file data21.cif (mmCIF, C-alpha atoms and all ligand atoms)
data_protein
#
loop_
_atom_site.label_atom_id
_atom_site.label_comp_id
_atom_site.auth_asym_id
_atom_site.auth_seq_id
_atom_site.Cartn_x
_atom_site.Cartn_y
_atom_site.Cartn_z
CA MET D 9 171.52 161.40 117.45
CA ARG D 10 171.42 160.09 121.05
CA ALA D 11 173.68 161.74 123.64
CA VAL D 12 176.56 159.58 124.86
CA SER D 13 178.07 160.72 128.16
CA GLY D 14 176.76 164.20 127.35
CA ILE D 15 178.40 164.05 123.91
CA SER D 16 176.32 163.13 120.89
CA ALA D 17 177.60 160.39 118.61
CA THR D 18 178.03 163.03 115.87
CA GLU D 19 180.29 165.17 118.06
CA ARG D 20 182.18 162.06 119.03
CA ALA D 21 183.06 161.42 115.35
CA VAL D 22 186.77 161.98 114.94
CA GLN D 23 187.42 165.08 112.86
CA GLY D 24 190.40 164.64 110.62
CA PHE D 25 192.56 167.39 109.15
CA ARG D 26 190.88 166.66 105.81
CA ALA D 27 187.60 167.98 107.23
CA LEU D 28 189.24 171.34 108.03
CA VAL D 29 190.84 172.21 104.68
CA ARG D 30 189.46 172.67 101.18
CA PRO D 31 189.36 169.44 99.11
CA GLU D 32 191.98 170.79 96.66
CA VAL D 33 194.35 171.58 99.55
CA TRP D 34 193.94 168.06 100.91
CA SER D 35 194.64 166.59 97.43
CA ALA D 36 197.74 168.76 97.07
CA LEU D 37 198.96 167.60 100.49
CA VAL D 38 198.51 163.95 99.53
CA GLN D 39 200.35 164.56 96.24
CA ALA D 40 203.24 166.20 98.08
CA GLY D 41 203.97 162.97 99.99
CA ALA D 42 205.47 159.59 99.10
CA HIS D 43 203.00 156.70 98.87
CA ARG D 44 203.32 154.12 101.66
CA GLU D 45 201.34 150.98 102.50
CA TYR D 46 201.45 149.32 105.91
CA GLU D 47 200.39 145.89 107.15
CA PRO D 48 198.11 145.41 110.18
CA GLY D 49 200.03 145.62 113.45
CA GLN D 50 202.95 147.57 111.95
CA ARG D 51 204.64 150.16 114.15
CA LEU D 52 204.88 153.49 112.32
CA PHE D 53 206.43 155.65 115.05
CA SER D 54 207.92 154.81 118.43
CA GLN D 55 207.47 157.10 121.41
CA GLY D 56 210.73 158.92 122.18
CA ASP D 57 212.20 158.57 118.69
CA GLN D 58 213.51 161.57 116.82
CA SER D 59 212.36 161.62 113.21
CA GLY D 60 211.71 164.41 110.79
CA TRP D 61 208.62 163.33 108.91
CA LEU D 62 204.88 162.87 109.22
CA LEU D 63 202.15 160.82 107.57
CA VAL D 64 199.00 161.91 105.80
CA LEU D 65 196.68 158.96 106.40
CA VAL D 66 194.23 158.16 103.59
CA ALA D 67 193.03 154.63 104.48
CA GLY D 68 192.95 152.42 107.56
CA ARG D 69 192.90 153.01 111.31
CA VAL D 70 195.85 153.38 113.68
CA LYS D 71 196.15 153.40 117.44
CA VAL D 72 198.09 156.02 119.38
CA SER D 73 199.58 154.66 122.62
CA TYR D 74 201.61 156.12 125.44
CA ALA D 75 203.76 154.40 128.08
CA GLU D 76 205.91 155.59 130.98
CA ARG D 77 209.30 153.88 130.87
CA ALA D 78 208.85 150.07 130.92
CA GLY D 79 205.16 150.28 131.92
CA ASP D 80 202.21 148.94 129.94
CA GLU D 81 200.95 151.04 127.08
CA LEU D 82 197.72 152.96 127.41
CA LEU D 83 195.67 153.96 124.40
CA LEU D 84 195.45 157.72 123.83
CA ALA D 85 193.41 157.72 120.66
CA VAL D 86 192.42 155.91 117.50
CA ARG D 87 192.83 157.86 114.27
CA GLY D 88 191.89 157.13 110.69
CA PRO D 89 191.64 158.38 107.11
CA GLY D 90 191.93 162.16 106.85
CA ASP D 91 194.31 162.42 109.79
CA LEU D 92 197.86 163.71 110.13
CA ILE D 93 200.06 161.36 112.12
CA GLY D 94 203.37 162.52 113.58
CA GLU D 95 202.75 166.25 113.19
CA PHE D 96 203.53 167.13 116.86
CA SER D 97 207.30 166.64 116.53
CA GLY D 98 207.48 169.02 113.61
CA ARG D 99 205.77 171.73 115.67
CA ASP D 100 207.87 171.52 118.83
CA ASP D 101 211.06 169.73 117.67
CA ALA D 102 210.58 167.24 120.50
CA PRO D 103 210.77 163.42 120.27
CA ARG D 104 207.71 161.42 119.24
CA SER D 105 205.04 161.89 121.91
CA ALA D 106 203.46 158.47 121.41
CA THR D 107 203.73 155.16 119.59
CA ILE D 108 201.66 154.63 116.46
CA GLN D 109 200.64 151.16 115.33
CA THR D 110 198.31 150.21 112.49
CA LEU D 111 195.13 148.34 113.38
CA GLU D 112 194.57 147.25 109.80
CA HIS D 113 196.03 147.73 106.33
CA CYS D 114 196.81 151.44 105.97
CA VAL D 115 197.67 153.74 103.08
CA ALA D 116 199.48 156.98 103.85
CA TYR D 117 201.68 159.64 102.26
CA ALA D 118 204.95 160.47 103.99
CA LEU D 119 206.25 164.02 104.09
CA PRO D 120 209.40 165.50 105.63
CA GLN D 121 208.45 168.00 108.39
CA ASP D 122 210.17 170.87 106.55
CA ARG D 123 208.17 170.17 103.38
CA PHE D 124 204.99 170.16 105.51
CA ALA D 125 206.04 173.51 107.02
CA ASP D 126 206.48 174.91 103.48
CA PHE D 127 203.06 173.52 102.57
CA LEU D 128 201.43 175.27 105.55
CA ARG D 129 203.07 178.53 104.49
CA THR D 130 202.16 178.25 100.81
CA HIS D 131 198.53 177.35 101.48
CA ARG D 132 198.18 179.58 104.58
CA ILE D 133 196.61 176.86 106.69
CA TYR D 134 198.24 177.46 110.10
CA ARG D 135 194.86 178.27 111.59
CA GLU D 136 193.42 174.98 110.34
CA LEU D 137 196.38 173.11 111.83
CA ASP D 138 195.82 174.91 115.16
CA ARG D 139 192.18 173.90 115.16
CA TYR D 140 193.15 170.35 114.35
CA LEU D 141 195.68 170.16 117.20
CA MET D 142 193.21 171.70 119.62
CA ALA D 143 190.58 169.12 118.60
CA LYS D 144 193.06 166.38 119.49
CA VAL D 145 193.67 167.99 122.90
CA ARG D 146 189.94 168.27 123.55
CA GLN D 147 189.31 164.65 122.53
CA SER D 148 192.14 163.59 124.85
CA ALA D 149 190.38 165.22 127.81
CA ALA D 150 187.19 163.26 127.12
CA HIS D 151 189.20 160.08 126.66
CA THR D 152 191.05 160.57 129.98
CA TRP D 153 187.79 161.24 131.81
CA ARG D 154 186.28 158.03 130.47
CA LEU D 155 189.34 156.00 131.51
CA ALA D 156 189.23 157.41 135.02
CA HIS D 157 185.51 157.40 135.73
CA GLN D 158 183.61 154.97 133.54
CA PRO D 159 182.88 151.43 134.68
CA THR D 160 184.36 148.58 132.61
CA ALA D 161 181.47 148.02 130.18
CA ALA D 162 181.07 151.74 129.45
CA ARG D 163 184.81 152.18 128.95
CA LEU D 164 184.93 149.28 126.53
CA ALA D 165 181.83 150.53 124.70
CA SER D 166 183.34 154.02 124.38
CA LEU D 167 186.51 152.63 122.86
CA LEU D 168 184.59 150.48 120.38
CA LEU D 169 182.61 153.57 119.32
CA GLU D 170 185.85 155.54 118.93
CA VAL D 171 187.28 152.85 116.65
CA LEU D 172 184.02 152.80 114.70
CA ALA D 173 183.98 156.60 114.34
CA SER D 174 187.60 156.77 113.19
CA ALA D 175 186.93 154.47 110.22
CA GLY D 176 185.73 157.33 108.03
CA PRO D 177 182.96 157.22 105.40
CA GLU D 178 184.81 155.16 102.77
CA HIS D 179 185.74 152.25 105.04
CA PRO D 180 184.37 148.94 103.65
CA SER D 181 183.65 147.43 107.12
CA PRO D 182 183.73 150.12 109.82
CA ALA D 183 181.87 147.95 112.36
CA ARG D 184 184.67 145.37 112.28
CA ILE D 185 186.93 146.41 115.17
CA PRO D 186 190.38 144.99 114.38
CA MET D 187 191.53 144.50 117.98
CA SER D 188 191.92 141.37 120.10
CA GLN D 189 190.47 141.12 123.61
CA ALA D 190 193.99 141.27 125.05
CA GLU D 191 194.73 144.41 123.02
CA LEU D 192 191.51 146.07 124.21
CA ALA D 193 192.33 145.21 127.83
CA VAL D 194 195.83 146.75 127.58
CA ALA D 195 194.48 149.79 125.75
CA LEU D 196 191.99 150.48 128.55
CA GLY D 197 194.15 149.46 131.51
CA LEU D 198 191.65 146.69 132.32
CA ALA D 199 192.07 143.04 133.28
CA ARG D 200 191.62 140.77 130.29
CA SER D 201 189.01 138.76 132.22
CA SER D 202 186.81 141.88 132.64
CA VAL D 203 186.93 142.56 128.90
CA ALA D 204 186.21 138.88 128.14
CA SER D 205 183.20 138.69 130.47
CA THR D 206 181.70 141.95 129.15
CA LEU D 207 182.11 140.77 125.56
CA ALA D 208 180.62 137.37 126.48
CA ARG D 209 177.53 139.12 127.84
CA TRP D 210 177.21 141.30 124.72
CA ARG D 211 177.64 138.21 122.55
CA ARG D 212 174.77 136.47 124.36
CA GLU D 213 172.64 139.60 123.88
CA GLY D 214 173.45 139.72 120.15
CA VAL D 215 175.26 143.06 120.49
CA VAL D 216 178.62 141.87 119.13
CA GLU D 217 180.22 138.95 117.39
CA THR D 218 183.76 138.07 118.41
CA GLY D 219 186.58 136.56 116.35
CA ARG D 220 190.19 135.66 117.13
CA ALA D 221 191.54 139.17 116.79
CA HIS D 222 188.48 141.25 116.02
CA ILE D 223 185.00 142.18 117.18
CA VAL D 224 182.05 142.99 114.97
CA LEU D 225 179.52 145.50 116.29
CA LEU D 226 176.04 144.18 115.45
CA ASP D 227 173.96 146.64 117.50
CA VAL D 228 175.60 150.07 117.66
CA GLU D 229 172.65 151.60 119.54
CA ALA D 230 173.07 149.05 122.34
CA ILE D 231 176.81 149.89 122.51
CA GLU D 232 175.91 153.59 122.70
CA ARG D 233 173.58 152.86 125.62
CA GLU D 234 176.41 150.97 127.37
CA ALA D 235 178.80 153.88 126.78
CA ALA D 236 176.30 156.30 128.34
CA ARG D 237 176.28 154.43 131.68
CA VAL D 238 178.35 156.25 134.27
N1 LIG Q 1 196.34 162.59 122.43
C1 LIG Q 1 196.54 162.36 121.14
N2 LIG Q 1 195.50 162.28 120.29
C2 LIG Q 1 195.69 162.03 118.98
N3 LIG Q 1 196.89 161.87 118.40
C3 LIG Q 1 197.97 161.96 119.21
C4 LIG Q 1 197.86 162.21 120.60
N4 LIG Q 1 199.10 162.24 121.12
C5 LIG Q 1 199.95 162.00 120.11
N5 LIG Q 1 199.28 161.84 118.95
C6 LIG Q 1 199.84 161.55 117.61
O1 LIG Q 1 200.89 160.61 117.81
C7 LIG Q 1 202.03 161.12 117.16
C8 LIG Q 1 203.36 160.62 117.70
O2 LIG Q 1 204.39 161.33 117.03
P1 LIG Q 1 204.39 162.93 117.14
O3 LIG Q 1 204.59 163.32 118.55
O4 LIG Q 1 205.30 163.47 116.11
O5 LIG Q 1 202.89 163.31 116.69
C9 LIG Q 1 201.89 162.63 117.40
C10 LIG Q 1 200.45 162.82 116.99
O6 LIG Q 1 200.28 162.75 115.60
#

call {"tool": "encode", "arguments": {"input": "data21.cif", "output": "structure tokens"}}
result
Amino acid sequence: MRAVSGISATERAVQGFRALVRPEVWSALVQAGAHREYEPGQRLFSQGDQSGWLLVLVAGRVKVSYAERAGDELLLAVRGPGDLIGEFSGRDDAPRSATIQTLEHCVAYALPQDRFADFLRTHRIYRELDRYLMAKVRQSAAHTWRLAHQPTAARLASLLLEVLASAGPEHPSPARIPMSQAELAVALGLARSSVASTLARWRREGVVETGRAHIVLLDVEAIEREAARV
């Protein structure tokens, strides 16, 4: 697959916790939690809160955002099926490090942190959790670099590819990006007008289709080429 900013699209694919454990361990983890369904735009965790549970996400994409005091939120990551959400607090007993909001309808299983700790012990999967956390740290570095150094179009393209990659293989419409232009602008720390004019150009070129609160990627290769421009 073509290299994107030195990273191939395959490497860019978000690796969930599910990919790191045996299928029967993942199933047992899901069964250990309480079934929850969330509407699009629902806030699951708020940065700074103290709460003793985490989510095992099985369907739908969420955004992870960070803000300093009353400042605008900046997007840290987009995660999807196969991910753990809210596992940091259980590791370091600190408040929630970020705010989590659903981008679309989500299905997850909720587990108290102490039950998750028991699960890690019983199934001896500390190493897998370490690898998972380190993958999140590594992806954060790439994300930060893109925010700081990529021009507008490349930054926007990178985010659209991240949302696409986080959909997971079972998603019915992964190329439908459930974010408005205003939401994309806030997420990337860009002016809304810059996002609007880039999307208008891509629309004219047949690369995307835009709706009221979503974008459909019609030509992923063209978006990958845009993301590769530094
Ligand atoms: N940089 C990041 N990349 C991916 N997920 C993150 C990142 N920062 C925070 N999170 C997730 O957001 C959650 C917020 O609550 P926690 O701090 O409990 O656990 C956090 C992680 O699951």

call {"tool": "closest_residue", "arguments": {"input": "data21.cif", "among": "D:Val224, D:Leu111, D:Ala156, D:Ala208", "to": "Val72 of chain D", "atoms": "all atoms listed in the file"}}
result
D:Leu111

call {"tool": "residues_near_ligand", "arguments": {"input": "data21.cif", "ligand": "ligand LIG 1 (chain Q)", "cutoff": "8 Å", "atoms": "all atoms listed in the file", "output": "PyMOL selection string"}}
result
chain D and resi 53-55+59+61-62+72-74+84-87+92-98+102-108+144-145+147-148

call {"tool": "residues_around", "arguments": {"input": "data21.cif", "residues": "Gly176 of chain D", "least_positions_apart": "3", "cutoff": "8 Å", "atoms": "all atoms listed in the file", "output": "VMD selection string"}}
result
chain D and resid 88 to 90 173 179 182

call {"tool": "residues_around", "arguments": {"input": "data21.cif", "residues": "segment 226-237 of chain D", "least_positions_apart": "6", "cutoff": "7 Å", "atoms": "all atoms listed in the file", "output": "number ranges by chain"}}
result
D: 12-13, 161-163, 165-166, 214-217

call {"tool": "closest_residue", "arguments": {"input": "data21.cif", "among": "D:Leu83, D:Ala116, D:Ala190, D:Val70", "to": "Arg44 of chain D", "atoms": "all atoms listed in the file"}}
result
D:Ala116

call {"tool": "closest_atom_pairs", "arguments": {"input": "data21.cif", "of": "segment 58-77 of chain D", "to": "segment 27-37 of chain D", "cutoff": "12 Å", "atoms": "only C-alpha atoms", "output": "Markdown table"}}
result
| residue | atom | partner | partner_atom | distance |
| --- | --- | --- | --- | --- |
| D:Leu62 | CA | D:Leu37 | CA | 11.6 |
| D:Leu63 | CA | D:Leu37 | CA | 10.3 |
| D:Val64 | CA | D:Leu37 | CA | 7.8 |
| D:Leu65 | CA | D:Leu37 | CA | 10.7 |
| D:Val66 | CA | D:Trp34 | CA | 10.3 |

call {"tool": "write_last_selection", "arguments": {"input": "data21.cif", "atoms": "C-alpha atoms", "output": "tab-separated table (two decimals), in the coordinates of the input"}}
result
chain	number	residue	atom	x	y	z
D	62	LEU	CA	204.88	162.87	109.22
D	63	LEU	CA	202.15	160.82	107.57
D	64	VAL	CA	199.00	161.91	105.80
D	65	LEU	CA	196.68	158.96	106.40
D	66	VAL	CA	194.23	158.16	103.59

call {"tool": "closest_residue", "arguments": {"input": "data21.cif", "among": "D:Leu119, D:Ile133, D:Thr160, D:Leu172", "to": "Ser201 of chain D", "atoms": "all atoms listed in the file"}}
result
D:Thr160

call {"tool": "atom_distance", "arguments": {"input": "data21.cif", "atom1": "atom CA of Arg123 of chain D", "atom2": "atom CA of Gln109 of chain D"}}
result
23.7 Å

call {"tool": "closest_residue", "arguments": {"input": "data21.cif", "among": "D:Asp80, D:Glu191, D:Glu112, D:Glu170", "to": "Gly49 of chain D", "atoms": "all atoms listed in the file"}}
result
D:Glu112

call {"tool": "closest_residue", "arguments": {"input": "data21.cif", "among": "D:Gly219, D:Ala42, D:Ser174, D:His151", "to": "Asp91 of chain D", "atoms": "all atoms listed in the file"}}
result
D:Ser174

call {"tool": "atom_distance", "arguments": {"input": "data21.cif", "atom1": "atom CA of Leu167 of chain D", "atom2": "atom CA of Leu198 of chain D"}}
result
12.3 Å

call {"tool": "residues_around", "arguments": {"input": "data21.cif", "residues": "Gln50 of chain D", "least_positions_apart": "3", "cutoff": "7 Å", "atoms": "only C-alpha atoms", "output": "list in words"}}
result
Tyr46, Glu47, Gln109 and Thr110 of chain D
